[in-house]
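One file, model_27.cif, carrying mmCIF, C-alpha atoms and all ligand atoms:
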data_final
loop_
_atom_site.label_atom_id
_atom_site.label_comp_id
_atom_site.auth_asym_id
_atom_site.auth_seq_id
_atom_site.Cartn_x
_atom_site.Cartn_y
_atom_site.Cartn_z
CA MET A 1 -57.27 9.12 22.45
CA PRO A 2 -56.68 12.82 23.11
CA THR A 3 -59.83 14.86 22.66
CA ARG A 4 -60.25 16.70 19.39
CA PRO A 5 -58.98 20.30 19.60
CA PHE A 6 -61.62 23.01 19.59
CA LEU A 7 -61.10 26.29 17.75
CA ILE A 8 -63.19 29.40 18.25
CA ALA A 9 -62.23 31.64 15.34
CA HIS A 10 -63.12 35.04 13.91
CA CYS A 11 -64.26 36.49 17.24
CA ARG A 12 -65.37 40.03 16.61
CA GLN A 13 -63.41 41.09 19.70
CA LEU A 14 -61.37 38.71 21.80
CA LEU A 15 -60.55 40.08 25.27
CA THR A 16 -57.53 38.08 26.40
CA LEU A 17 -56.67 39.96 29.63
CA ARG A 18 -53.17 38.57 29.01
CA GLY A 19 -50.00 39.92 30.51
CA SER A 20 -49.00 40.69 34.08
CA ARG A 21 -48.98 37.86 36.60
CA ARG A 22 -49.75 40.34 39.38
CA PRO A 23 -53.20 41.73 40.25
CA ARG A 24 -54.11 44.61 37.96
CA ARG A 25 -53.80 48.11 39.39
CA ARG A 26 -54.24 51.66 38.10
CA ARG A 27 -54.13 51.96 34.32
CA GLN A 28 -53.24 48.32 33.92
CA LEU A 29 -56.73 47.47 35.14
CA ALA A 30 -58.12 48.70 31.82
CA ALA A 31 -55.70 46.71 29.63
CA LEU A 32 -57.94 44.09 28.05
CA GLY A 33 -55.46 42.68 25.53
CA LEU A 34 -58.11 43.10 22.84
CA ILE A 35 -57.67 41.24 19.55
CA ARG A 36 -59.97 41.87 16.60
CA ASP A 37 -60.77 38.79 14.53
CA GLY A 38 -59.28 36.76 17.36
CA ALA A 39 -59.16 33.02 17.93
CA VAL A 40 -58.76 30.62 20.84
CA LEU A 41 -57.52 27.08 20.31
CA MET A 42 -58.27 24.58 23.07
CA GLN A 43 -57.48 20.96 23.72
CA GLY A 44 -58.99 19.04 26.60
CA ASP A 45 -59.39 21.46 29.47
CA ARG A 46 -56.58 23.81 28.42
CA ILE A 47 -55.95 26.70 26.08
CA VAL A 48 -53.30 25.89 23.49
CA ALA A 49 -53.06 29.15 21.54
CA VAL A 50 -54.58 32.62 21.50
CA GLY A 51 -54.11 35.32 18.86
CA THR A 52 -55.49 36.57 15.58
CA THR A 53 -57.43 33.98 13.61
CA ARG A 54 -54.70 34.04 10.94
CA ALA A 55 -51.97 33.30 13.44
CA VAL A 56 -53.86 30.66 15.44
CA GLU A 57 -54.98 28.81 12.30
CA ARG A 58 -51.33 28.13 11.52
CA HIS A 59 -50.98 26.11 14.74
CA PRO A 60 -50.47 22.39 13.91
CA LEU A 61 -53.48 21.39 16.06
CA ALA A 62 -55.81 23.87 14.33
CA ARG A 63 -56.22 21.78 11.19
CA ARG A 64 -57.93 18.89 12.93
CA ALA A 65 -59.90 21.05 15.36
CA ASN A 66 -63.66 21.34 15.64
CA LYS A 67 -64.12 24.86 14.38
CA PHE A 68 -66.67 27.35 15.56
CA THR A 69 -67.01 30.77 13.97
CA ALA A 70 -67.81 33.67 16.30
CA ARG A 71 -68.16 36.65 13.95
CA ASP A 72 -71.00 38.14 15.99
CA LEU A 73 -69.47 37.46 19.39
CA ILE A 74 -67.31 39.22 21.97
CA VAL A 75 -65.26 36.49 23.65
CA LEU A 76 -63.65 36.89 27.07
CA PRO A 77 -62.52 34.79 30.06
CA GLY A 78 -65.35 33.25 32.06
CA PHE A 79 -66.26 35.47 35.00
CA VAL A 80 -64.65 34.57 38.32
CA ASP A 81 -67.20 35.47 40.99
CA SER A 82 -65.11 35.69 44.15
CA HIS A 83 -67.87 36.35 46.71
CA THR A 84 -71.13 34.40 46.91
CA HIS A 85 -73.39 32.86 49.53
CA LEU A 86 -74.57 30.25 47.03
CA LEU A 87 -76.27 27.88 49.43
CA PHE A 88 -79.49 29.08 51.07
CA PRO A 89 -82.92 27.56 51.57
CA ALA A 90 -85.28 30.30 50.42
CA SER A 91 -85.56 33.91 49.33
CA ARG A 92 -86.27 36.71 51.79
CA ALA A 93 -88.83 38.43 49.62
CA ASP A 94 -90.86 39.24 52.76
CA GLU A 95 -88.01 41.36 54.12
CA TYR A 96 -87.55 42.95 50.70
CA GLU A 97 -91.11 44.19 50.93
CA GLN A 98 -90.58 45.36 54.53
CA ARG A 99 -87.55 47.37 53.46
CA ILE A 100 -89.49 48.96 50.65
CA ALA A 101 -92.01 50.00 53.30
CA GLY A 102 -89.22 51.68 55.26
CA LEU A 103 -87.61 49.16 57.63
CA GLY A 104 -83.81 49.01 57.62
CA TYR A 105 -81.67 45.90 56.98
CA GLU A 106 -80.17 46.15 60.47
CA GLN A 107 -83.56 46.81 62.07
CA ILE A 108 -84.92 43.62 60.51
CA ALA A 109 -81.83 41.74 61.72
CA ARG A 110 -82.30 43.02 65.30
CA ARG A 111 -85.83 41.63 65.27
CA GLY A 112 -84.46 38.16 64.52
CA GLY A 113 -84.94 38.39 60.75
CA GLY A 114 -82.11 38.83 58.27
CA ILE A 115 -79.30 36.28 58.35
CA LEU A 116 -80.90 34.51 61.35
CA SER A 117 -84.12 33.82 59.48
CA THR A 118 -82.08 32.08 56.77
CA VAL A 119 -80.18 30.18 59.49
CA ARG A 120 -83.43 28.88 61.01
CA LYS A 121 -84.62 27.61 57.64
CA LEU A 122 -81.31 26.14 56.64
CA ARG A 123 -80.98 24.12 59.82
CA ARG A 124 -84.33 22.49 59.04
CA ALA A 125 -83.71 21.99 55.33
CA ASP A 126 -82.70 18.59 54.02
CA ASN A 127 -79.50 18.16 52.05
CA GLN A 128 -81.25 17.10 48.88
CA SER A 129 -83.39 20.18 48.54
CA LEU A 130 -80.54 22.55 49.45
CA GLN A 131 -78.33 20.91 46.90
CA GLN A 132 -81.06 20.97 44.29
CA GLN A 133 -81.63 24.70 44.76
CA ALA A 134 -77.93 25.46 44.53
CA ARG A 135 -77.74 23.37 41.36
CA ARG A 136 -80.45 25.48 39.84
CA TRP A 137 -78.58 28.69 40.68
CA LEU A 138 -75.32 27.27 39.38
CA GLY A 139 -77.07 26.71 36.06
CA GLU A 140 -78.08 30.36 36.08
CA PHE A 141 -74.52 31.47 36.88
CA ALA A 142 -73.28 29.54 33.84
CA THR A 143 -75.95 31.12 31.68
CA HIS A 144 -74.62 34.57 32.63
CA GLY A 145 -70.98 33.74 31.81
CA THR A 146 -69.60 32.74 35.21
CA THR A 147 -67.30 29.71 35.20
CA THR A 148 -65.84 29.78 38.74
CA LEU A 149 -67.33 30.95 41.99
CA GLU A 150 -66.45 31.21 45.61
CA ALA A 151 -69.18 29.94 47.95
CA LYS A 152 -69.46 30.51 51.68
CA SER A 153 -70.99 28.58 54.54
CA GLY A 154 -72.41 30.81 57.28
CA TYR A 155 -76.12 29.98 57.38
CA GLY A 156 -75.65 26.98 59.68
CA LEU A 157 -73.70 28.45 62.60
CA SER A 158 -73.40 25.15 64.46
CA LEU A 159 -70.66 22.62 63.93
CA GLY A 160 -73.01 20.11 62.31
CA SER A 161 -74.85 22.50 60.03
CA GLU A 162 -71.72 24.35 58.91
CA LEU A 163 -70.12 21.01 58.00
CA LYS A 164 -73.35 20.08 56.21
CA MET A 165 -73.14 23.26 54.10
CA LEU A 166 -69.48 22.75 53.25
CA GLU A 167 -70.03 19.10 52.38
CA ILE A 168 -72.81 20.05 49.97
CA LEU A 169 -70.52 22.65 48.41
CA ARG A 170 -67.83 20.01 47.98
CA ARG A 171 -70.31 17.65 46.30
CA LEU A 172 -71.48 20.39 43.94
CA HIS A 173 -67.88 21.22 43.06
CA ARG A 174 -67.06 17.58 42.34
CA GLU A 175 -70.19 17.14 40.27
CA GLY A 176 -69.30 20.17 38.06
CA PRO A 177 -69.29 21.66 35.59
CA LEU A 178 -68.77 24.89 37.55
CA GLU A 179 -65.80 25.16 39.85
CA LEU A 180 -66.49 26.14 43.46
CA VAL A 181 -64.00 27.53 45.96
CA ALA A 182 -65.27 27.03 49.51
CA THR A 183 -65.06 29.54 52.36
CA PHE A 184 -65.92 28.88 56.01
CA LEU A 185 -68.04 31.75 57.34
CA GLY A 186 -68.95 30.37 60.77
CA ALA A 187 -68.40 33.94 62.01
CA HIS A 188 -71.32 35.37 60.03
CA VAL A 189 -73.39 36.38 63.08
CA VAL A 190 -73.76 34.99 66.60
CA PRO A 191 -76.42 32.23 66.48
CA PRO A 192 -79.51 32.64 68.70
CA GLU A 193 -78.49 29.97 71.25
CA TYR A 194 -75.35 32.01 71.99
CA LYS A 195 -77.05 35.39 72.02
CA ARG A 196 -76.24 35.98 75.69
CA LYS A 197 -72.79 34.38 75.58
CA PRO A 198 -71.07 35.43 72.36
CA ASP A 199 -67.66 34.61 73.81
CA ALA A 200 -68.70 30.99 74.10
CA TYR A 201 -69.56 30.98 70.39
CA LEU A 202 -66.18 32.49 69.62
CA ASP A 203 -64.61 29.73 71.66
CA LEU A 204 -66.57 27.11 69.74
CA LEU A 205 -65.47 28.65 66.45
CA ILE A 206 -61.82 28.74 67.41
CA ARG A 207 -61.48 25.50 69.31
CA ARG A 208 -63.82 23.20 67.43
CA MET A 209 -65.30 24.50 64.21
CA ILE A 210 -62.21 25.90 62.48
CA PRO A 211 -60.06 22.86 63.33
CA ALA A 212 -62.85 20.50 62.19
CA VAL A 213 -63.27 22.31 58.87
CA ALA A 214 -59.51 22.43 58.32
CA ALA A 215 -59.00 18.77 59.23
CA ARG A 216 -61.60 17.71 56.67
CA GLY A 217 -60.13 20.03 54.02
CA LEU A 218 -63.60 21.51 53.51
CA ALA A 219 -62.65 25.15 53.02
CA GLU A 220 -59.67 26.91 51.57
CA PHE A 221 -60.65 30.26 53.07
CA CYS A 222 -62.01 31.57 56.36
CA ASP A 223 -64.17 34.71 56.34
CA VAL A 224 -65.66 36.89 59.09
CA PHE A 225 -68.54 39.36 58.86
CA CYS A 226 -66.77 42.15 60.75
CA ASP A 227 -69.39 44.84 61.13
CA ARG A 228 -71.91 46.51 63.41
CA GLY A 229 -74.36 43.85 64.60
CA ALA A 230 -72.04 40.99 63.62
CA PHE A 231 -68.45 40.55 64.89
CA MET A 232 -66.21 43.24 66.31
CA LEU A 233 -62.67 43.86 65.20
CA THR A 234 -61.07 42.08 68.17
CA GLN A 235 -63.27 39.04 67.63
CA ALA A 236 -62.55 38.99 63.91
CA ARG A 237 -58.82 39.08 64.64
CA LEU A 238 -59.10 36.05 66.97
CA VAL A 239 -61.09 34.01 64.45
CA LEU A 240 -58.84 34.84 61.51
CA THR A 241 -55.67 34.20 63.47
CA ALA A 242 -56.98 30.77 64.50
CA ALA A 243 -57.87 30.00 60.88
CA ARG A 244 -54.42 30.96 59.70
CA VAL A 245 -52.87 28.63 62.28
CA CYS A 246 -54.99 25.83 60.80
CA GLY A 247 -53.63 26.60 57.32
CA MET A 248 -56.58 28.53 55.88
CA GLU A 249 -56.28 31.66 53.77
CA LEU A 250 -58.25 34.70 54.87
CA ARG A 251 -60.97 36.97 53.55
CA LEU A 252 -63.14 39.47 55.34
CA HIS A 253 -66.51 41.24 55.04
CA ALA A 254 -65.63 44.76 56.18
CA GLU A 255 -66.91 48.33 56.33
CA GLN A 256 -70.34 47.56 54.85
CA LEU A 257 -72.74 48.94 57.47
CA ALA A 258 -70.28 50.89 59.63
CA ARG A 259 -66.56 51.64 59.59
CA THR A 260 -65.03 49.26 62.12
CA GLY A 261 -61.38 49.07 61.05
CA GLY A 262 -61.85 45.74 59.28
CA ALA A 263 -60.07 46.90 56.14
CA ARG A 264 -56.92 47.69 58.12
CA LEU A 265 -57.17 44.35 59.90
CA ALA A 266 -57.33 42.56 56.54
CA VAL A 267 -54.19 44.37 55.44
CA GLN A 268 -52.37 43.56 58.70
CA LEU A 269 -53.25 39.88 58.45
CA HIS A 270 -52.37 39.71 54.73
CA ALA A 271 -55.88 38.56 53.90
CA THR A 272 -56.34 37.52 50.29
CA SER A 273 -59.39 39.75 49.90
CA VAL A 274 -61.42 42.31 51.82
CA ASP A 275 -64.95 42.77 50.61
CA HIS A 276 -67.65 45.50 50.58
CA LEU A 277 -65.66 48.61 51.71
CA GLU A 278 -68.56 51.04 51.33
CA ARG A 279 -67.52 52.99 54.46
CA ILE A 280 -63.74 53.28 54.09
CA ASN A 281 -61.90 56.59 54.55
CA ARG A 282 -58.87 58.07 52.81
CA ALA A 283 -56.35 56.50 55.17
CA ASP A 284 -57.96 53.10 54.58
CA ILE A 285 -57.65 53.64 50.85
CA ARG A 286 -53.94 54.39 51.23
CA ALA A 287 -53.40 51.29 53.38
CA LEU A 288 -55.29 49.07 50.94
CA ALA A 289 -53.39 50.51 47.97
CA ALA A 290 -50.07 49.71 49.62
CA SER A 291 -51.12 46.11 50.34
CA ASP A 292 -51.51 42.86 48.41
CA THR A 293 -55.06 42.41 49.66
CA ILE A 294 -57.62 42.51 46.85
CA CYS A 295 -60.49 44.99 47.37
CA THR A 296 -63.62 43.16 46.28
CA LEU A 297 -66.49 45.54 45.62
CA LEU A 298 -70.08 44.34 45.76
CA PRO A 299 -72.35 46.97 44.23
CA GLY A 300 -75.23 44.49 43.99
CA ALA A 301 -75.71 44.70 47.77
CA VAL A 302 -75.84 48.50 47.75
CA PHE A 303 -78.31 48.47 44.88
CA HIS A 304 -80.61 45.82 46.34
CA LEU A 305 -80.69 47.56 49.73
CA GLY A 306 -81.77 50.72 47.93
CA LYS A 307 -78.79 52.69 49.18
CA SER A 308 -76.45 55.05 47.40
CA SER A 309 -73.32 54.43 49.47
CA TYR A 310 -71.29 52.65 46.79
CA ALA A 311 -67.65 51.87 47.59
CA PRO A 312 -65.19 54.52 46.33
CA ALA A 313 -63.98 52.49 43.35
CA ARG A 314 -62.34 55.40 41.52
CA ALA A 315 -60.37 56.53 44.54
CA LEU A 316 -59.23 52.95 45.19
CA ILE A 317 -58.14 52.40 41.59
CA GLU A 318 -56.38 55.75 41.38
CA ALA A 319 -54.56 55.16 44.66
CA GLY A 320 -53.27 51.86 43.26
CA ALA A 321 -55.45 49.29 45.04
CA ALA A 322 -56.22 45.99 43.28
CA VAL A 323 -60.00 46.04 42.75
CA ALA A 324 -62.21 43.04 41.98
CA LEU A 325 -65.98 42.84 41.47
CA ALA A 326 -68.31 40.07 42.64
CA THR A 327 -72.05 39.45 42.91
CA ASP A 328 -72.30 38.68 46.67
CA PHE A 329 -75.17 36.41 45.61
CA ASN A 330 -77.25 35.95 48.79
CA PRO A 331 -80.92 36.12 49.81
CA GLY A 332 -80.61 39.17 52.08
CA THR A 333 -78.68 41.83 50.24
CA SER A 334 -77.82 40.75 46.71
CA PRO A 335 -80.04 38.17 45.07
CA THR A 336 -78.36 38.19 41.67
CA VAL A 337 -76.14 35.72 39.83
CA SER A 338 -75.53 38.17 37.01
CA MET A 339 -71.99 39.43 36.68
CA PRO A 340 -73.05 41.53 33.65
CA MET A 341 -75.51 43.34 35.95
CA ILE A 342 -72.70 43.90 38.46
CA LEU A 343 -70.61 45.39 35.65
CA SER A 344 -73.48 47.75 34.79
CA LEU A 345 -73.68 48.89 38.42
CA ALA A 346 -69.89 49.25 38.65
CA CYS A 347 -69.84 51.50 35.59
CA THR A 348 -72.96 53.56 36.19
CA GLN A 349 -72.81 53.88 39.98
CA MET A 350 -69.08 53.65 40.76
CA ARG A 351 -67.74 55.18 37.54
CA MET A 352 -65.50 52.29 36.66
CA THR A 353 -64.88 52.09 32.92
CA PRO A 354 -66.24 49.05 31.08
CA ALA A 355 -62.66 47.79 30.59
CA GLU A 356 -61.82 48.19 34.29
CA ALA A 357 -65.02 46.42 35.31
CA ILE A 358 -64.34 43.47 33.00
CA ALA A 359 -60.79 43.03 34.35
CA ALA A 360 -62.10 43.31 37.91
CA ALA A 361 -64.60 40.49 37.26
CA THR A 362 -62.12 38.17 35.54
CA ILE A 363 -58.37 38.38 36.21
CA ASN A 364 -58.61 40.28 39.49
CA GLY A 365 -61.42 37.96 40.62
CA ALA A 366 -59.04 35.07 39.92
CA HIS A 367 -56.42 36.77 42.10
CA ALA A 368 -59.03 37.18 44.83
CA LEU A 369 -59.34 33.36 44.84
CA ARG A 370 -55.59 32.69 44.44
CA ARG A 371 -56.34 31.04 41.10
CA ALA A 372 -54.73 33.53 38.68
CA ASP A 373 -52.20 30.94 37.54
CA LEU A 374 -55.06 29.02 35.87
CA LEU A 375 -58.05 31.34 35.58
CA GLY A 376 -59.05 34.88 34.67
CA SER A 377 -57.31 35.37 31.32
CA LEU A 378 -57.09 33.65 27.95
CA GLU A 379 -53.49 32.53 27.56
CA ALA A 380 -51.81 29.34 26.40
CA GLY A 381 -51.56 26.88 29.29
CA LYS A 382 -54.47 28.30 31.26
CA GLN A 383 -57.78 26.54 31.79
CA ALA A 384 -60.18 26.83 28.83
CA ASP A 385 -62.89 28.83 30.62
CA LEU A 386 -64.59 31.49 28.56
CA CYS A 387 -67.84 33.22 27.77
CA ALA A 388 -69.15 34.97 24.68
CA PHE A 389 -71.66 37.79 24.29
CA GLU A 390 -73.62 38.54 21.14
CA LEU A 391 -72.69 42.21 20.86
CA SER A 392 -70.66 44.44 18.59
CA ASP A 393 -68.38 45.99 21.20
CA TYR A 394 -67.22 44.91 24.68
CA ARG A 395 -68.52 48.16 26.21
CA GLU A 396 -72.02 46.91 25.46
CA ILE A 397 -71.61 44.20 28.13
CA PRO A 398 -72.29 46.74 30.94
CA TYR A 399 -74.22 49.11 28.66
CA TYR A 400 -77.18 46.77 28.19
CA PHE A 401 -78.69 45.84 31.53
CA GLY A 402 -81.49 43.60 32.70
CA VAL A 403 -81.09 41.44 29.62
CA ASN A 404 -78.85 38.41 29.31
CA LEU A 405 -76.80 38.54 26.13
CA CYS A 406 -74.38 35.77 27.09
CA ARG A 407 -74.63 33.28 24.24
CA LEU A 408 -71.96 30.75 25.05
CA THR A 409 -70.11 29.61 28.17
CA ILE A 410 -67.26 27.11 28.09
CA LYS A 411 -65.79 25.46 31.19
CA ARG A 412 -62.62 23.38 30.94
CA GLY A 413 -63.07 23.19 27.18
CA GLN A 414 -66.70 21.96 27.39
CA VAL A 415 -69.71 23.97 26.28
CA ILE A 416 -71.91 24.38 29.36
CA HIS A 417 -74.28 27.03 28.03
CA ASP A 418 -75.30 27.60 24.44
CA ALA A 419 -78.14 30.04 23.98
CA SER A 420 -78.33 29.45 20.24
CA LYS A 421 -78.31 25.67 20.65
CA ARG A 422 -75.60 25.49 18.04
CA PHE A 423 -74.25 22.75 20.26
CA GLN A 424 -76.06 19.88 21.85
CA ILE A 425 -75.21 19.91 25.54
O1 LIG B 1 -72.42 40.01 52.08
N1 LIG B 1 -73.00 41.02 55.11
C1 LIG B 1 -73.01 39.82 55.37
N2 LIG B 1 -73.37 38.88 54.53
C2 LIG B 1 -74.15 39.13 53.37
C3 LIG B 1 -75.57 39.27 53.69
C4 LIG B 1 -76.10 37.98 54.09
C5 LIG B 1 -77.59 37.97 54.33
O2 LIG B 1 -78.22 39.02 54.57
O3 LIG B 1 -78.11 36.86 54.29
C6 LIG B 1 -73.55 40.23 52.54
O4 LIG B 1 -74.13 41.28 52.25
FE FE B 2 -71.30 38.57 51.59
#

Target encoding structure tokens, full file:
Amino acid sequence: MPTRPFLIAHCRQLLTLRGSRRPRRRRQLAALGLIRDGAVLMQGDRIVAVGTTRAVERHPLARRANKFTARDLIVLPGFVDSHTHLLFPASRADEYEQRIAGLGYEQIARRGGGILSTVRKLRRADNQSLQQQARRWLGEFATHGTTTLEAKSGYGLSLGSELKMLEILRRLHREGPLELVATFLGAHVVPPEYKRKPDAYLDLLIRRMIPAVAARGLAEFCDVFCDRGAFMLTQARLVLTAARVCGMELRLHAEQLARTGGARLAVQLHATSVDHLERINRADIRALAASDTICTLLPGAVFHLGKSSYAPARALIEAGAAVALATDFNPGTSPTVSMPMILSLACTQMRMTPAEAIAAATINGAHALRRADLLGSLEAGKQADLCAFELSDYREIPYYFGVNLCRLTIKRGQVIHDASKRFQI
């Protein structure tokens, strides 16, 4: 028996993000494909029709659909969060307090805190508790409208513990309902046992870890933290080139703490995405704009570190770069699962318009994960992933901050979050 169709009708505003198959650039970034009194008809895990309620109700499947009226809701594609470090054992609230007292993020890292303190705890943590914590956060992601997220390894930094992280991520993905896209970040920082012989760690990464991850099909992407205090440009190039040989797609953390040339490297290697970009210069902006690499901006990390060095979003957009937004959810620099909060920061701090920010967190996020054929917009044939906010205008999504107004989240046609409990989950 095919499942009963599901119709969401009379949406106050329906943001379809339909159109262009290419990443959104320049003025196209703000084209939301807005329909007033819109409707989405779904069957199983797919969207069957999108349009005005009048038009969609004429569809032959609409008559026998379960109907839900959304007069007070703004409906849009589920957020695609293309940069997270979902799996970690504990917060770093102690370092947060140290930073408030004046210590720098890099200073704390040099003293063995930062990423390495999370690595120490993760290596000791048992799978069950790690998985349980991630499950809890995944629930929170869904509550804030996210339906797909990328998740990185990178807090294990040994063959065994990196595989352990990626295997947990695979289990969480299979268990659902959220969809996870895994990234191998063995090149996050050099682990303590290799402190005096970083080249040996690089060798381990290239000769053993990357091939092992690829052979098990545990990660679609390989990432490197290419920055001061992490990996240098030449090292990043070696790691990424090895990953490409093993069939992985590439992404890169670049130009967050210092300008190292990582953005240019990402362009040269045709990386899918290059993330952070707080320290780029005008020539970098031109190179990024001329490339197919998505520029993923992470204002949550700038905010949480108490800095003001936001990435130059306006200059990137105006030069023609394809900009995406993500949370960078992690215990050190961006402990938030809230894409609406990221939209608020993007608008207020980086002067993106609400429409640009929404497209950057949906369709361009889907491009940043090579999933735009299925995700990121509401169009017939795509996966039925959407979220709904109880607001009167889409601009209020970033306008209100620090309050969660996401009322409904649907993943593959199933309600996974219902704040009003109109549905039994
Ligand atoms: O994206 N910069 C590298 N990775 C993270 C921080 C990870 C951590 O501090 O635990 C980031 O900001
Ligand atoms: Fe990150």

Practice item. Go ahead and find all residues with at least one atom no further than 7 Å from (-60.4, 29.2, 10.2) in the file's coordinates, using only C-alpha atoms; report them as a list in words. Key: Ala9, Thr53 and Glu57 of chain A

Would you output that residue set with C-alpha atoms, as a PDB file, in the coordinates of the input?
ATOM      1  CA  ALA A   9     -62.230  31.640  15.340  1.00  0.00           C
ATOM      2  CA  THR A  53     -57.430  33.980  13.610  1.00  0.00           C
ATOM      3  CA  GLU A  57     -54.980  28.810  12.300  1.00  0.00           C
TER       4      GLU A  57
END

Please report as CSV every residue of region 199-270 of chain A lying within 12 Å of region 328-351 of chain A, along with the nearest atom pair and their distance in Å (one decimal), using all atoms listed in the file.
residue,atom,partner,partner_atom,distance
A:His253,CA,A:Asp328,CA,10.5
A:Gln256,CA,A:Thr333,CA,11.1
A:Leu257,CA,A:Thr333,CA,11.8

Keeping only C-alpha atoms, write the selected residues as a PDB file, in the coordinates of the input.
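Output file out_38.pdb is given in full below:
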ATOM      1  CA  HIS A 253     -66.510  41.240  55.040  1.00  0.00           C
ATOM      2  CA  GLN A 256     -70.340  47.560  54.850  1.00  0.00           C
ATOM      3  CA  LEU A 257     -72.740  48.940  57.470  1.00  0.00           C
TER       4      LEU A 257
END

**Study point:** Site check for ligand LIG 1 (chain B): residues at most 9 Å away, only C-alpha atoms and all ligand atoms, as a PyMOL selection string
**Key:** chain A and resi 83-85+88+92+105+109+114-119+154-155+188-189+224-227+230+253-254+256-257+275-276+298+300-302+328-334

Point to revise | Computed interatomic separation between CA of Leu252 (chain A) and CA of Ser308 (chain A) (Å) | key: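 Distance between the two atoms: 22.0 Å.
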
Practice item. Considering all atoms listed in the file, state which residue in the set A:Lys421, A:Arg54, A:Arg111, A:Arg251 is at the smallest distance from ligand FE 2 (chain B). Key: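 Result for the nearest residue to ligand FE 2 (chain B): A:Arg251.
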
Point to revise | Interatomic distance (Å, one decimal) between CA of Pro89 (chain A) and CA of Leu122 (chain A) | key: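 Computing it gives 5.5 Å between the two atoms.
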
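Among the candidates A:His144, A:Leu17, A:Tyr400, A:Val48, the one nearest to Ala419 (chain A) when counting all atoms listed in the file is A:His144.
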
Point to revise | Proximity to Gly51 (chain A) - best of A:Ala236, A:Leu172, A:Val213, A:Ala380, all atoms listed in the file | key: A:Ala380

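Residue nearest Lys307 (chain A), chosen from A:Ile100, A:Leu233, A:Leu130, A:Cys11 and counting only C-alpha atoms: A:Ile100.
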
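Residue nearest ligand FE 2 (chain B), chosen from A:Lys152, A:Arg216, A:Arg237, A:Arg124 and counting all atoms listed in the file: A:Lys152.
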
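The spacing separating CA of Gln43 (chain A) from CA of Arg4 (chain A) amounts to 6.7 Å.
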
Practice item. Find the spatial neighbours of Arg244 (chain A), counting all atoms listed in the file, within a cut-off of 10 Å - ignore same-chain residues fewer than 4 positions away - and output them as a list in words. Key: Ile210, Phe221, Cys222, Val239, Leu240, Met248, Glu249, Leu250, Leu269 and Ala271 of chain A

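Of the residues listed (A:Asp292, A:Glu356, A:Glu150, A:Glu193), A:Glu150 shows the shortest atom-to-atom separation from ligand FE 2 (chain B); distances use all atoms listed in the file.
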